[in-house]
Amino acid sequence: MRDLWSWVLILTVATAFSCSSTAKKTNEQEQSGVTQNEPKTDEEWEMLFDGKSIVKWEKFNGGEVTGWKIIDGELHNSGVGSDHGGDIITKKEYENFELYVEWKISPQSNSGIFYHVKKGVTEKIYESGPEYQLIDGKGWPTKIADHQYTASNYSMQAAEGAEVKPVGEWNTTRIVVQNPHVEHWLNGKKVVEYELWSDEWKAQKAAGKWKDAEHYGMAKKGHIGLQDHGGLTIFRVIKIKEL
């Protein structure tokens with residue numbers, strides 16, 4: 001009987017220690033800014049922005065990055081907006097990938113994350129690659145369409161069930177591309193899913209904003225882009241895994 005009680009005591013202490021360690025780990029994750037939605041960083045992930053430099057980025061259509069600043073380990077766009085003039089892209093191109101981004105937006109601001117962007121074919125970045133929309137949807141001063149809200153494929157597929165954090169709080173974005181399949185995720189929830197170059201996609205393009213933008217969405221491989229469009233948007237962790 002004494003041996004039985006000894007084992008009960010050992011199991012109780014072990015369980016208490018395990019719970020304490022888990023609580024400590026969760027607290028440490030919260031303090032470090034790591035969320036449960038963030039993929040684990042390993043050798044498969046490439047850091048596109050590590051809080052220290054933007055050496056892997058260049059200005060859309062060429063040139064050194066201007067207008068963007070690194071402040072306290074965060075990447076800030078100009079806060080003023082310059083349409084296509086201040087947009088930046090990765091120096092490297094990606095075809096099939098999972099992109100992870102942490103971002104927050106200021107009141108009445110508007111930005112975006114692009115993929116499959118090609119240089120030298122358009123003057124405006126949004127006429128090249130599809131755009132994961134970032135916008136202060138609740139504070140925007142004018143009426144916007146369903147496909148213009150955060151996490152939508154801008155002017156194409158509207159995000160469904162997207163839950164955006166309040167202005168000034170960090171959101172997590174995942175964009176998964178496995179040609180021709182594309183997924184948009186926001187804060188751990190899939191909100192957009194579509195097939196590039198399908199008959200449905202082609203019909204939607206032909207009937208909408210991109211009907212005269214022949215290069216829009218046509219590339220099977222391209223750069224990742226960040227937009228400096230209007231108001232301040234801030235990014236911190238940006239990383240990608242090729243699939």
# chains A, B, ... in the order shown; residues from 1 in each chain; ligands from 1
call {"tool": "residues_around", "arguments": {"residues": "stretch 111-123 of chain A", "least_positions_apart": "4", "cutoff": "7 Å", "atoms": "only C-alpha atoms", "output": "compact mmCIF listing (two decimals) with N, CA, C and O atoms, in the first residue's frame"}}
result
# COMPACT_ATOMS: atom_id res chain seq x y z
N PHE A 60 10.15 48.01 -56.71
CA PHE A 60 9.47 47.42 -57.86
C PHE A 60 9.95 48.10 -59.14
O PHE A 60 10.02 49.32 -59.23
N ASN A 61 10.27 47.28 -60.11
CA ASN A 61 10.82 47.73 -61.40
C ASN A 61 12.22 48.33 -61.29
O ASN A 61 12.66 49.07 -62.17
N GLU A 127 -1.11 45.47 -61.25
CA GLU A 127 -1.52 44.99 -62.57
C GLU A 127 -0.69 43.80 -63.00
O GLU A 127 -0.82 43.31 -64.12
N SER A 128 0.15 43.30 -62.09
CA SER A 128 1.00 42.15 -62.37
C SER A 128 0.56 40.93 -61.56
O SER A 128 -0.02 39.99 -62.10
N GLY A 129 0.81 40.96 -60.24
CA GLY A 129 0.50 39.80 -59.42
C GLY A 129 -0.76 39.97 -58.61
O GLY A 129 -1.16 41.10 -58.30
N PRO A 130 -1.41 38.87 -58.22
CA PRO A 130 -2.56 38.93 -57.32
C PRO A 130 -2.17 39.59 -56.00
O PRO A 130 -1.02 39.53 -55.58
N GLU A 131 -3.16 40.18 -55.34
CA GLU A 131 -2.91 40.93 -54.11
C GLU A 131 -3.75 40.42 -52.94
O GLU A 131 -4.98 40.34 -53.03
N TYR A 132 -3.08 40.11 -51.86
CA TYR A 132 -3.73 39.85 -50.57
C TYR A 132 -3.95 41.21 -49.93
O TYR A 132 -3.02 41.86 -49.50
N GLN A 133 -5.20 41.65 -49.89
CA GLN A 133 -5.52 43.01 -49.48
C GLN A 133 -5.33 43.23 -47.98
O GLN A 133 -5.65 42.35 -47.15
N LEU A 134 -4.78 44.39 -47.61
CA LEU A 134 -4.67 44.85 -46.23
C LEU A 134 -5.32 46.24 -46.16
O LEU A 134 -4.90 47.15 -46.87
N ILE A 135 -6.32 46.40 -45.30
CA ILE A 135 -7.02 47.68 -45.24
C ILE A 135 -7.72 47.83 -43.89
O ILE A 135 -8.12 46.83 -43.26
N ALA A 219 1.50 35.08 -64.61
CA ALA A 219 2.80 34.45 -64.35
C ALA A 219 2.66 33.25 -63.42
O ALA A 219 1.90 33.28 -62.46
N LYS A 220 3.39 32.21 -63.72
CA LYS A 220 3.39 31.02 -62.86
C LYS A 220 4.49 31.10 -61.79
O LYS A 220 4.56 30.27 -60.89
N LYS A 221 5.32 32.12 -61.89
CA LYS A 221 6.41 32.32 -60.95
C LYS A 221 6.71 33.80 -60.90
O LYS A 221 6.58 34.50 -61.90
N GLY A 222 7.08 34.33 -59.72
CA GLY A 222 7.37 35.75 -59.63
C GLY A 222 7.82 36.17 -58.25
O GLY A 222 8.07 35.35 -57.36
N HIS A 223 7.92 37.47 -58.06
CA HIS A 223 8.39 38.06 -56.81
C HIS A 223 7.26 38.22 -55.80
O HIS A 223 6.09 38.32 -56.16
N ILE A 224 7.62 38.28 -54.52
CA ILE A 224 6.71 38.70 -53.46
C ILE A 224 6.80 40.21 -53.35
O ILE A 224 7.89 40.78 -53.42
N GLY A 225 5.67 40.88 -53.18
CA GLY A 225 5.68 42.34 -53.11
C GLY A 225 4.93 42.88 -51.90
O GLY A 225 4.00 42.24 -51.40
N LEU A 226 5.36 44.05 -51.44
CA LEU A 226 4.68 44.78 -50.38
C LEU A 226 4.35 46.17 -50.89
O LEU A 226 5.17 46.82 -51.55
N GLN A 227 3.16 46.65 -50.56
CA GLN A 227 2.68 47.90 -51.15
C GLN A 227 2.79 49.08 -50.19
O GLN A 227 2.53 48.98 -49.00
N ASP A 228 3.18 50.22 -50.77
CA ASP A 228 3.18 51.50 -50.07
C ASP A 228 2.13 52.37 -50.76
O ASP A 228 2.43 53.17 -51.62
N HIS A 229 0.89 52.17 -50.36
CA HIS A 229 -0.23 52.70 -51.14
C HIS A 229 -0.91 53.90 -50.49
O HIS A 229 -1.22 54.88 -51.15
N GLY A 230 -1.16 53.80 -49.18
CA GLY A 230 -1.84 54.90 -48.51
C GLY A 230 -1.90 54.66 -47.01
O GLY A 230 -2.49 53.69 -46.56
N THR A 233 1.45 51.06 -42.81
CA THR A 233 1.33 49.63 -42.53
C THR A 233 2.69 49.15 -42.05
O THR A 233 3.73 49.54 -42.58
call {"tool": "residues_around", "arguments": {"residues": "A:Gly161", "least_positions_apart": "2", "cutoff": "8 Å", "atoms": "only C-alpha atoms", "output": "VMD selection string"}}
result
chain A and resid 159 163 191
call {"tool": "write_last_selection", "arguments": {"atoms": "N, CA and C atoms", "output": "compact mmCIF listing (two decimals), in the first residue's frame"}}
result
# COMPACT_ATOMS: atom_id res chain seq x y z
N ALA A 159 -12.84 37.66 -49.21
CA ALA A 159 -12.55 36.84 -48.04
C ALA A 159 -13.86 36.48 -47.34
N GLU A 163 -11.62 37.49 -39.73
CA GLU A 163 -11.69 38.17 -38.44
C GLU A 163 -10.39 38.94 -38.24
N VAL A 191 -9.61 31.86 -45.50
CA VAL A 191 -10.70 32.77 -45.86
C VAL A 191 -10.88 32.93 -47.37
call {"tool": "select_by_dssp", "arguments": {"residues": "stretch 7-241 of chain A", "states": "alpha helix (DSSP H)", "output": "ChimeraX atom specification"}}
result
/A:7-32,199-207
call {"tool": "select_by_dssp", "arguments": {"residues": "stretch 1-233 of chain A", "states": "strand (DSSP E or B)", "output": "number ranges by chain"}}
result
A: 45-49, 57-59, 69-71, 74-76, 88-90, 94, 97-105, 110-117, 131-135, 153, 157, 171-178, 181-186, 189-195, 222-226, 230, 233
call {"tool": "residues_around", "arguments": {"residues": "A:Arg236", "least_positions_apart": "3", "cutoff": "7 Å", "atoms": "only C-alpha atoms", "output": "ChimeraX atom specification"}}
result
/A:51,73-75,102-103
call {"tool": "write_last_selection", "arguments": {"atoms": "all heavy atoms", "output": "mmCIF file, in the first residue's frame"}}
result
data_model
loop_
_atom_site.group_PDB
_atom_site.id
_atom_site.type_symbol
_atom_site.label_atom_id
_atom_site.label_comp_id
_atom_site.auth_asym_id
_atom_site.auth_seq_id
_atom_site.Cartn_x
_atom_site.Cartn_y
_atom_site.Cartn_z
ATOM 1 N N GLY A 51 13.999 41.731 -39.142
ATOM 2 C CA GLY A 51 14.023 42.833 -38.189
ATOM 3 C C GLY A 51 15.290 43.656 -38.233
ATOM 4 O O GLY A 51 15.415 44.640 -37.502
ATOM 5 N N GLY A 73 12.985 46.949 -35.017
ATOM 6 C CA GLY A 73 12.845 45.605 -35.558
ATOM 7 C C GLY A 73 11.633 45.400 -36.439
ATOM 8 O O GLY A 73 11.338 44.259 -36.833
ATOM 9 N N GLU A 74 10.928 46.476 -36.767
ATOM 10 C CA GLU A 74 9.736 46.395 -37.603
ATOM 11 C C GLU A 74 9.963 47.148 -38.914
ATOM 12 O O GLU A 74 10.693 48.136 -38.956
ATOM 13 C CB GLU A 74 8.532 47.010 -36.873
ATOM 14 C CG GLU A 74 8.226 46.346 -35.552
ATOM 15 C CD GLU A 74 7.263 47.161 -34.702
ATOM 16 O OE1 GLU A 74 6.946 48.321 -35.070
ATOM 17 O OE2 GLU A 74 6.826 46.632 -33.657
ATOM 18 N N LEU A 75 9.311 46.678 -39.974
ATOM 19 C CA LEU A 75 9.436 47.300 -41.289
ATOM 20 C C LEU A 75 8.222 48.193 -41.533
ATOM 21 O O LEU A 75 7.092 47.720 -41.611
ATOM 22 C CB LEU A 75 9.527 46.224 -42.366
ATOM 23 C CG LEU A 75 9.703 46.717 -43.811
ATOM 24 C CD1 LEU A 75 10.983 47.536 -43.959
ATOM 25 C CD2 LEU A 75 9.710 45.527 -44.777
ATOM 26 N N GLU A 102 3.552 38.754 -40.432
ATOM 27 C CA GLU A 102 2.869 39.415 -39.320
ATOM 28 C C GLU A 102 2.818 40.905 -39.627
ATOM 29 O O GLU A 102 3.831 41.501 -39.997
ATOM 30 C CB GLU A 102 3.594 39.151 -38.003
ATOM 31 C CG GLU A 102 3.523 37.687 -37.572
ATOM 32 C CD GLU A 102 4.186 37.437 -36.226
ATOM 33 O OE1 GLU A 102 4.662 38.408 -35.602
ATOM 34 O OE2 GLU A 102 4.232 36.273 -35.802
ATOM 35 N N TRP A 103 1.644 41.513 -39.459
ATOM 36 C CA TRP A 103 1.452 42.909 -39.862
ATOM 37 C C TRP A 103 0.382 43.578 -38.991
ATOM 38 O O TRP A 103 -0.442 42.920 -38.368
ATOM 39 C CB TRP A 103 1.020 42.979 -41.333
ATOM 40 C CG TRP A 103 -0.274 42.252 -41.603
ATOM 41 C CD1 TRP A 103 -0.407 40.923 -41.912
ATOM 42 C CD2 TRP A 103 -1.596 42.785 -41.526
ATOM 43 N NE1 TRP A 103 -1.733 40.585 -42.048
ATOM 44 C CE2 TRP A 103 -2.488 41.719 -41.823
ATOM 45 C CE3 TRP A 103 -2.120 44.044 -41.255
ATOM 46 C CZ2 TRP A 103 -3.881 41.886 -41.840
ATOM 47 C CZ3 TRP A 103 -3.507 44.217 -41.273
ATOM 48 C CH2 TRP A 103 -4.371 43.155 -41.574
#
call {"tool": "decode", "arguments": {"residues": "stretch 55-97 of chain A", "atoms": "N, CA and C atoms", "output": "PDB file, in the first residue's frame"}}
result
ATOM      1  N   VAL A  55      17.889  43.593 -47.145  1.00  0.00           N
ATOM      2  CA  VAL A  55      18.840  43.287 -48.205  1.00  0.00           C
ATOM      3  C   VAL A  55      18.227  42.386 -49.272  1.00  0.00           C
ATOM      4  N   LYS A  56      17.169  41.643 -48.933  1.00  0.00           N
ATOM      5  CA  LYS A  56      16.546  40.736 -49.893  1.00  0.00           C
ATOM      6  C   LYS A  56      15.449  41.401 -50.712  1.00  0.00           C
ATOM      7  N   TRP A  57      15.310  42.734 -50.566  1.00  0.00           N
ATOM      8  CA  TRP A  57      14.248  43.463 -51.248  1.00  0.00           C
ATOM      9  C   TRP A  57      14.819  44.551 -52.147  1.00  0.00           C
ATOM     10  N   GLU A  58      14.042  44.904 -53.148  1.00  0.00           N
ATOM     11  CA  GLU A  58      14.382  46.015 -54.029  1.00  0.00           C
ATOM     12  C   GLU A  58      13.095  46.741 -54.422  1.00  0.00           C
ATOM     13  N   LYS A  59      13.254  47.906 -54.989  1.00  0.00           N
ATOM     14  CA  LYS A  59      12.106  48.677 -55.440  1.00  0.00           C
ATOM     15  C   LYS A  59      11.474  47.994 -56.655  1.00  0.00           C
ATOM     16  N   PHE A  60      10.153  48.008 -56.711  1.00  0.00           N
ATOM     17  CA  PHE A  60       9.469  47.425 -57.858  1.00  0.00           C
ATOM     18  C   PHE A  60       9.949  48.097 -59.140  1.00  0.00           C
ATOM     19  N   ASN A  61      10.274  47.281 -60.109  1.00  0.00           N
ATOM     20  CA  ASN A  61      10.817  47.725 -61.400  1.00  0.00           C
ATOM     21  C   ASN A  61      12.218  48.329 -61.288  1.00  0.00           C
ATOM     22  N   GLY A  62      12.915  47.995 -60.189  1.00  0.00           N
ATOM     23  CA  GLY A  62      14.332  48.308 -60.110  1.00  0.00           C
ATOM     24  C   GLY A  62      14.691  49.462 -59.207  1.00  0.00           C
ATOM     25  N   GLY A  63      15.895  49.378 -58.629  1.00  0.00           N
ATOM     26  CA  GLY A  63      16.407  50.449 -57.795  1.00  0.00           C
ATOM     27  C   GLY A  63      16.431  50.096 -56.321  1.00  0.00           C
ATOM     28  N   GLU A  64      17.184  50.892 -55.574  1.00  0.00           N
ATOM     29  CA  GLU A  64      17.284  50.701 -54.133  1.00  0.00           C
ATOM     30  C   GLU A  64      15.967  51.084 -53.460  1.00  0.00           C
ATOM     31  N   VAL A  65      15.689  50.431 -52.340  1.00  0.00           N
ATOM     32  CA  VAL A  65      14.467  50.705 -51.583  1.00  0.00           C
ATOM     33  C   VAL A  65      14.525  52.108 -50.992  1.00  0.00           C
ATOM     34  N   THR A  66      13.474  52.879 -51.194  1.00  0.00           N
ATOM     35  CA  THR A  66      13.366  54.216 -50.610  1.00  0.00           C
ATOM     36  C   THR A  66      12.023  54.349 -49.920  1.00  0.00           C
ATOM     37  N   GLY A  67      11.991  55.165 -48.881  1.00  0.00           N
ATOM     38  CA  GLY A  67      10.731  55.429 -48.196  1.00  0.00           C
ATOM     39  C   GLY A  67      10.395  54.470 -47.077  1.00  0.00           C
ATOM     40  N   TRP A  68      10.956  53.274 -47.092  1.00  0.00           N
ATOM     41  CA  TRP A  68      10.709  52.274 -46.057  1.00  0.00           C
ATOM     42  C   TRP A  68      11.773  52.401 -44.969  1.00  0.00           C
ATOM     43  N   LYS A  69      11.356  52.144 -43.724  1.00  0.00           N
ATOM     44  CA  LYS A  69      12.275  52.275 -42.585  1.00  0.00           C
ATOM     45  C   LYS A  69      12.156  51.070 -41.677  1.00  0.00           C
ATOM     46  N   ILE A  70      13.272  50.709 -41.041  1.00  0.00           N
ATOM     47  CA  ILE A  70      13.265  49.690 -39.993  1.00  0.00           C
ATOM     48  C   ILE A  70      13.306  50.412 -38.659  1.00  0.00           C
ATOM     49  N   ILE A  71      12.261  50.223 -37.859  1.00  0.00           N
ATOM     50  CA  ILE A  71      12.135  50.889 -36.560  1.00  0.00           C
ATOM     51  C   ILE A  71      11.837  49.834 -35.498  1.00  0.00           C
ATOM     52  N   ASP A  72      12.719  49.708 -34.524  1.00  0.00           N
ATOM     53  CA  ASP A  72      12.548  48.731 -33.437  1.00  0.00           C
ATOM     54  C   ASP A  72      12.269  47.329 -33.972  1.00  0.00           C
ATOM     55  N   GLY A  73      12.985  46.949 -35.017  1.00  0.00           N
ATOM     56  CA  GLY A  73      12.845  45.605 -35.558  1.00  0.00           C
ATOM     57  C   GLY A  73      11.633  45.400 -36.439  1.00  0.00           C
ATOM     58  N   GLU A  74      10.928  46.476 -36.767  1.00  0.00           N
ATOM     59  CA  GLU A  74       9.736  46.395 -37.603  1.00  0.00           C
ATOM     60  C   GLU A  74       9.963  47.148 -38.914  1.00  0.00           C
ATOM     61  N   LEU A  75       9.311  46.678 -39.974  1.00  0.00           N
ATOM     62  CA  LEU A  75       9.436  47.300 -41.289  1.00  0.00           C
ATOM     63  C   LEU A  75       8.222  48.193 -41.533  1.00  0.00           C
ATOM     64  N   HIS A  76       8.479  49.510 -41.646  1.00  0.00           N
ATOM     65  CA  HIS A  76       7.425  50.496 -41.841  1.00  0.00           C
ATOM     66  C   HIS A  76       7.461  51.004 -43.279  1.00  0.00           C
ATOM     67  N   ASN A  77       6.281  51.052 -43.933  1.00  0.00           N
ATOM     68  CA  ASN A  77       6.277  51.757 -45.211  1.00  0.00           C
ATOM     69  C   ASN A  77       6.261  53.262 -44.938  1.00  0.00           C
ATOM     70  N   SER A  78       6.192  54.085 -45.968  1.00  0.00           N
ATOM     71  CA  SER A  78       6.390  55.527 -45.782  1.00  0.00           C
ATOM     72  C   SER A  78       5.317  56.167 -44.909  1.00  0.00           C
ATOM     73  N   GLY A  79       4.127  55.553 -44.886  1.00  0.00           N
ATOM     74  CA  GLY A  79       3.025  56.155 -44.129  1.00  0.00           C
ATOM     75  C   GLY A  79       2.308  57.224 -44.909  1.00  0.00           C
ATOM     76  N   VAL A  80       2.832  57.547 -46.066  1.00  0.00           N
ATOM     77  CA  VAL A  80       2.225  58.581 -46.922  1.00  0.00           C
ATOM     78  C   VAL A  80       1.553  57.924 -48.121  1.00  0.00           C
ATOM     79  N   GLY A  81       2.252  56.963 -48.717  1.00  0.00           N
ATOM     80  CA  GLY A  81       1.725  56.283 -49.886  1.00  0.00           C
ATOM     81  C   GLY A  81       2.179  56.959 -51.154  1.00  0.00           C
ATOM     82  N   SER A  82       2.585  56.157 -52.115  1.00  0.00           N
ATOM     83  CA  SER A  82       3.043  56.722 -53.374  1.00  0.00           C
ATOM     84  C   SER A  82       2.606  55.842 -54.529  1.00  0.00           C
ATOM     85  N   ASP A  83       1.461  55.201 -54.343  1.00  0.00           N
ATOM     86  CA  ASP A  83       0.925  54.281 -55.341  1.00  0.00           C
ATOM     87  C   ASP A  83       1.980  53.249 -55.696  1.00  0.00           C
ATOM     88  N   HIS A  84       2.412  53.145 -56.949  1.00  0.00           N
ATOM     89  CA  HIS A  84       3.370  52.103 -57.302  1.00  0.00           C
ATOM     90  C   HIS A  84       4.811  52.528 -57.053  1.00  0.00           C
ATOM     91  N   GLY A  85       5.061  53.803 -56.809  1.00  0.00           N
ATOM     92  CA  GLY A  85       6.425  54.301 -56.713  1.00  0.00           C
ATOM     93  C   GLY A  85       7.210  53.769 -55.538  1.00  0.00           C
ATOM     94  N   GLY A  86       6.547  53.471 -54.427  1.00  0.00           N
ATOM     95  CA  GLY A  86       7.266  53.017 -53.244  1.00  0.00           C
ATOM     96  C   GLY A  86       7.094  51.547 -52.944  1.00  0.00           C
ATOM     97  N   ASP A  87       6.486  50.787 -53.859  1.00  0.00           N
ATOM     98  CA  ASP A  87       6.288  49.361 -53.639  1.00  0.00           C
ATOM     99  C   ASP A  87       7.616  48.621 -53.739  1.00  0.00           C
ATOM    100  N   ILE A  88       7.762  47.560 -52.944  1.00  0.00           N
ATOM    101  CA  ILE A  88       8.997  46.787 -52.949  1.00  0.00           C
ATOM    102  C   ILE A  88       8.705  45.321 -53.241  1.00  0.00           C
ATOM    103  N   ILE A  89       9.714  44.638 -53.788  1.00  0.00           N
ATOM    104  CA  ILE A  89       9.578  43.220 -54.112  1.00  0.00           C
ATOM    105  C   ILE A  89      10.835  42.480 -53.687  1.00  0.00           C
ATOM    106  N   THR A  90      10.690  41.176 -53.506  1.00  0.00           N
ATOM    107  CA  THR A  90      11.864  40.350 -53.225  1.00  0.00           C
ATOM    108  C   THR A  90      12.745  40.279 -54.467  1.00  0.00           C
ATOM    109  N   LYS A  91      14.046  40.175 -54.246  1.00  0.00           N
ATOM    110  CA  LYS A  91      14.960  40.035 -55.374  1.00  0.00           C
ATOM    111  C   LYS A  91      14.823  38.660 -56.030  1.00  0.00           C
ATOM    112  N   LYS A  92      14.365  37.708 -55.260  1.00  0.00           N
ATOM    113  CA  LYS A  92      14.207  36.339 -55.742  1.00  0.00           C
ATOM    114  C   LYS A  92      12.764  36.092 -56.174  1.00  0.00           C
ATOM    115  N   GLU A  93      12.578  35.198 -57.124  1.00  0.00           N
ATOM    116  CA  GLU A  93      11.243  34.794 -57.555  1.00  0.00           C
ATOM    117  C   GLU A  93      10.858  33.469 -56.901  1.00  0.00           C
ATOM    118  N   TYR A  94       9.552  33.266 -56.721  1.00  0.00           N
ATOM    119  CA  TYR A  94       9.033  32.046 -56.103  1.00  0.00           C
ATOM    120  C   TYR A  94       7.855  31.534 -56.922  1.00  0.00           C
ATOM    121  N   GLU A  95       7.744  30.228 -57.005  1.00  0.00           N
ATOM    122  CA  GLU A  95       6.650  29.608 -57.769  1.00  0.00           C
ATOM    123  C   GLU A  95       5.601  29.023 -56.826  1.00  0.00           C
ATOM    124  N   ASN A  96       5.934  27.925 -56.182  1.00  0.00           N
ATOM    125  CA  ASN A  96       5.045  27.305 -55.200  1.00  0.00           C
ATOM    126  C   ASN A  96       5.639  27.515 -53.818  1.00  0.00           C
ATOM    127  N   PHE A  97       4.832  28.001 -52.888  1.00  0.00           N
ATOM    128  CA  PHE A  97       5.397  28.425 -51.611  1.00  0.00           C
ATOM    129  C   PHE A  97       4.309  28.591 -50.551  1.00  0.00           C
TER     130      PHE A  97
END
